[in-house]
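Below you'll find the structure, written out as structure tokens, and then a few comments.
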Amino acid sequence: MEAAMQPHVRRSNFIEKLVSSKLFWVLAVIFLFSYPIVKSVKRQLPVELPVLSKVPDFTFTDENGKPFGSQNLKGKVYIANFVFTSCQTVCPNLLGKIQTVQHRIRGVIDRAAIITFTVDPENDTPEVLYSKAREMKANPNVWRFLTAPLSDTKKLLIEGFKVPVGDKVIAENVMDVAHSNKLVLVDQEGQIRGYYSTEKDDLNKMMIDIGLTINRKKDSN
């Protein structure tokens with residue numbers, strides 16, 4: 001008679017013992033929850049944008065005929081740009097790009113703004129600017145159009161924003177004013193943080209810089 005077969009006893013391997021341990025699961029949960037926090041704390045933020053200069057306080061007139069200026073922009077990041085409404089060369093493209101910027105900052109309209117300064121205040125009255133704002137579908141909570149006497153405009157643009165602006169010239173019955181096509185990023189304290197062209201890569205960089213500037217201020221608070 002054959003010897004009775006001994007039942008096979010399956011022994012738990014190391015992995016099974018580890019998984020069945022309560023201590024293992026406690027440590028696993030702690031790790032899974034703490035790792036993202038540790039990673040975010042150790043993450044190195046991009047270098048802060050340099051302060052290039054400071055825009056002096058100003059008060060101009062907006063498209064509604066009301067005073068508007070640096071006091072209204074305190075605590076906001078804004079993009080300054082320079083046009084005149086009768087411009088038929090670079091300004092239409094510039095304003096089209098600004099429309100795109102307005103759309104892209106729609107989620108932070110309480111912390112960001114767009115300010116368009118006219119370089120032809122003689123013709124760009126508040127009424128004219130109002131019509132242009134409506135044409136561009138400008139959200140008045142985000143995008144404002146400003147005018148002021150020419151001497152004040154030149155002083156602010158040249159000495160404040162550090163951008164060139166020329167005198168009005170007429171050639172072949174076409175009026176023109178030489179001015180900068182740059183977009184200027186200004187922080188919550190009125191400090192200039194960058195200049196950008198309307199090229200796609202530069203606009204994308206500007207959008208990143210807007211976000212960084214907004215978030216750094218929020219974190220510091």
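Chain lettering (A, B, ...) mirrors the order of the structure tokens, residue numbering begins at 1 for each chain separately, and ligand numbering begins at 1 in order of display.
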Close residues, range 153-164 of chain A itself excluded, 8 Å, only C-alpha atoms, min 5 positions apart in chain, as a PyMOL selection string: chain A and resi 54-56+58+119+147-148+178-180+184+192
Residues within 9 Å of Ile214 in chain A, only C-alpha atoms, excluding chain neighbours under 2 positions, as a list in words: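 The filter keeps Lys76, Val77, Val108, Arg111, Ala112, Asp187, Gln188, Asp209, Ile210, Gly211, Leu212, Arg216, Lys217, Lys218 and Asp219 of chain A.
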Residue with smallest distance to Ile105 in chain A - pool A:Ala80, A:Met207, A:Leu150, A:Val165, counting only C-alpha atoms: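 Selected residue with least distance to Ile105 in chain A: A:Met207.
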Nearby residues (only C-alpha atoms) at most 8 Å from Ile115 in chain A, same-chain spacing under 3 positions excluded, as a list in words: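 So, after excluding close chain neighbours, the residues are Tyr78, Ile79, Ala80, Asn81, Trp143, Arg144, Phe145 and Leu146 of chain A.
Distances to Pro67 in chain A were evaluated for A:Leu95, A:Leu185, A:Arg106, A:Pro126 using only C-alpha atoms, and the minimum falls at A:Pro126.
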Expected answer as a ChimeraX atom specification: strand (DSSP E) residues in range 29-204 of chain A: /A:53-54,59-62,67-69,77-83,112-118,143-147,165-171,174-179,183-186,191-196
Please save N, CA and C atoms of the selected residues as a short mmCIF file (atom, residue, chain, number, x, y, z; two decimals), in the first residue's frame.
```
data_model
loop_
_atom_site.label_atom_id
_atom_site.label_comp_id
_atom_site.auth_asym_id
_atom_site.auth_seq_id
_atom_site.Cartn_x
_atom_site.Cartn_y
_atom_site.Cartn_z
N SER A 53 12.09 99.10 -15.50
CA SER A 53 11.89 100.50 -15.09
C SER A 53 10.50 100.60 -14.48
N LYS A 54 10.15 101.79 -14.03
CA LYS A 54 8.83 101.99 -13.43
C LYS A 54 8.06 103.05 -14.20
N THR A 59 -2.92 109.83 -15.34
CA THR A 59 -4.38 109.82 -15.45
C THR A 59 -4.74 110.33 -16.83
N PHE A 60 -5.31 109.46 -17.66
CA PHE A 60 -5.75 109.82 -19.01
C PHE A 60 -7.28 109.80 -19.04
N THR A 61 -7.85 109.84 -20.23
CA THR A 61 -9.30 109.77 -20.40
C THR A 61 -9.63 108.51 -21.18
N ASP A 62 -10.59 107.72 -20.69
CA ASP A 62 -10.90 106.46 -21.37
C ASP A 62 -11.96 106.66 -22.45
N PRO A 67 -12.02 109.73 -16.36
CA PRO A 67 -10.60 109.60 -15.98
C PRO A 67 -10.26 108.13 -15.71
N PHE A 68 -9.09 107.74 -16.17
CA PHE A 68 -8.62 106.37 -15.95
C PHE A 68 -7.10 106.40 -15.98
N GLY A 69 -6.48 105.71 -15.02
CA GLY A 69 -5.02 105.73 -15.01
C GLY A 69 -4.40 104.70 -14.09
N VAL A 77 -1.78 93.15 -13.25
CA VAL A 77 -0.79 93.06 -14.31
C VAL A 77 -1.47 93.57 -15.59
N TYR A 78 -0.78 94.40 -16.37
CA TYR A 78 -1.43 94.85 -17.60
C TYR A 78 -0.45 94.89 -18.78
N ILE A 79 -1.05 94.80 -19.96
CA ILE A 79 -0.30 94.88 -21.21
C ILE A 79 -0.62 96.22 -21.86
N ALA A 80 0.40 97.06 -22.03
CA ALA A 80 0.24 98.35 -22.69
C ALA A 80 0.61 98.22 -24.15
N ASN A 81 -0.15 98.90 -25.02
CA ASN A 81 0.15 98.90 -26.44
C ASN A 81 -0.25 100.25 -27.02
N PHE A 82 0.23 100.55 -28.23
CA PHE A 82 0.15 101.91 -28.76
C PHE A 82 -0.29 101.88 -30.22
N VAL A 83 -1.39 102.62 -30.52
CA VAL A 83 -1.98 102.61 -31.86
C VAL A 83 -2.57 103.98 -32.17
N ALA A 112 -5.78 91.05 -14.34
CA ALA A 112 -5.04 91.44 -15.54
C ALA A 112 -5.86 92.41 -16.37
N ALA A 113 -5.18 93.22 -17.17
CA ALA A 113 -5.85 94.21 -18.00
C ALA A 113 -5.04 94.47 -19.27
N ILE A 114 -5.70 95.10 -20.23
CA ILE A 114 -5.06 95.53 -21.48
C ILE A 114 -5.34 97.02 -21.64
N ILE A 115 -4.30 97.80 -21.88
CA ILE A 115 -4.47 99.24 -22.03
C ILE A 115 -3.90 99.68 -23.38
N THR A 116 -4.78 100.23 -24.22
CA THR A 116 -4.37 100.73 -25.53
C THR A 116 -4.32 102.25 -25.49
N PHE A 117 -3.13 102.80 -25.75
CA PHE A 117 -2.92 104.25 -25.77
C PHE A 117 -2.93 104.73 -27.22
N THR A 118 -3.67 105.78 -27.51
CA THR A 118 -3.60 106.35 -28.84
C THR A 118 -2.43 107.33 -28.93
N TRP A 143 -10.20 95.48 -21.24
CA TRP A 143 -9.49 96.23 -22.28
C TRP A 143 -10.01 97.66 -22.33
N ARG A 144 -9.13 98.63 -22.06
CA ARG A 144 -9.51 100.03 -22.07
C ARG A 144 -8.68 100.79 -23.11
N PHE A 145 -9.28 101.82 -23.67
CA PHE A 145 -8.63 102.68 -24.66
C PHE A 145 -8.47 104.08 -24.05
N LEU A 146 -7.24 104.61 -24.07
CA LEU A 146 -6.96 105.86 -23.39
C LEU A 146 -6.40 106.93 -24.32
N THR A 147 -6.78 108.17 -24.03
CA THR A 147 -6.28 109.32 -24.77
C THR A 147 -5.90 110.43 -23.79
N VAL A 165 7.92 107.51 -30.05
CA VAL A 165 6.73 108.01 -30.74
C VAL A 165 7.13 109.26 -31.50
N GLY A 166 6.75 109.31 -32.76
CA GLY A 166 7.16 110.42 -33.60
C GLY A 166 6.07 111.45 -33.77
N ASP A 167 6.35 112.43 -34.61
CA ASP A 167 5.37 113.46 -34.91
C ASP A 167 4.47 113.00 -36.06
N LYS A 168 3.31 113.60 -36.12
CA LYS A 168 2.38 113.28 -37.20
C LYS A 168 2.92 113.80 -38.53
N VAL A 169 2.89 112.96 -39.55
CA VAL A 169 3.34 113.36 -40.89
C VAL A 169 2.26 112.97 -41.90
N ILE A 170 2.19 113.74 -42.98
CA ILE A 170 1.23 113.45 -44.04
C ILE A 170 2.01 113.31 -45.34
N ALA A 171 1.87 112.15 -45.96
CA ALA A 171 2.54 111.88 -47.24
C ALA A 171 1.53 111.25 -48.18
N VAL A 174 -1.91 110.68 -46.88
CA VAL A 174 -2.06 109.65 -45.84
C VAL A 174 -1.33 110.12 -44.59
N MET A 175 -2.08 110.16 -43.49
CA MET A 175 -1.48 110.60 -42.22
C MET A 175 -0.85 109.40 -41.52
N ASP A 176 0.32 109.63 -40.93
CA ASP A 176 0.99 108.55 -40.22
C ASP A 176 1.67 109.11 -38.96
N VAL A 177 1.81 108.26 -37.96
CA VAL A 177 2.52 108.60 -36.74
C VAL A 177 3.44 107.41 -36.43
N ALA A 178 4.72 107.66 -36.41
CA ALA A 178 5.66 106.59 -36.07
C ALA A 178 5.52 106.26 -34.59
N HIS A 179 5.37 104.97 -34.30
CA HIS A 179 5.20 104.56 -32.91
C HIS A 179 5.64 103.11 -32.74
N LEU A 183 4.49 95.25 -27.27
CA LEU A 183 3.58 95.10 -26.15
C LEU A 183 4.41 95.15 -24.89
N VAL A 184 3.96 95.91 -23.91
CA VAL A 184 4.74 96.12 -22.69
C VAL A 184 4.02 95.48 -21.51
N LEU A 185 4.74 94.59 -20.81
CA LEU A 185 4.17 93.93 -19.63
C LEU A 185 4.52 94.74 -18.38
N VAL A 186 3.49 95.16 -17.67
CA VAL A 186 3.65 95.96 -16.45
C VAL A 186 3.05 95.20 -15.28
N GLN A 191 5.66 98.39 -12.51
CA GLN A 191 7.02 98.18 -12.98
C GLN A 191 7.02 97.41 -14.30
N ILE A 192 7.81 97.85 -15.25
CA ILE A 192 7.89 97.18 -16.55
C ILE A 192 8.70 95.91 -16.40
N ARG A 193 8.14 94.79 -16.88
CA ARG A 193 8.79 93.49 -16.75
C ARG A 193 9.19 92.88 -18.09
N GLY A 194 8.72 93.45 -19.20
CA GLY A 194 9.11 92.87 -20.48
C GLY A 194 8.51 93.59 -21.66
N TYR A 195 9.17 93.42 -22.83
CA TYR A 195 8.71 93.95 -24.11
C TYR A 195 8.58 92.78 -25.08
N TYR A 196 7.50 92.77 -25.86
CA TYR A 196 7.22 91.63 -26.72
C TYR A 196 6.73 92.09 -28.09
#
```
Alpha helix (DSSP H) call set, DSSP backbone run, range 17-212 of chain A, as JSON, numbers by chain: {"A": [17, 18, 19, 22, 23, 24, 25, 26, 27, 28, 29, 30, 31, 32, 33, 34, 35, 36, 37, 38, 39, 40, 41, 42, 91, 92, 93, 94, 95, 96, 97, 98, 99, 100, 101, 102, 103, 104, 126, 127, 128, 129, 130, 131, 132, 133, 134, 135, 150, 151, 152, 153, 154, 155, 200, 201, 202, 203, 204, 205, 206, 207, 208, 209, 210, 211, 212]}
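The closest residue to Ile109 in chain A, picked from A:Ala133, A:Val128, A:Val51, A:Val142 and counting only C-alpha atoms, is A:Val142.
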One-decimal distance in Å that lies between CA of Glu63 in chain A and CA of Leu129 in chain A: 5.2 Å
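Reported to one decimal place, the separation of CA of Lys182 in chain A from CA of Thr100 in chain A is 15.4 Å.
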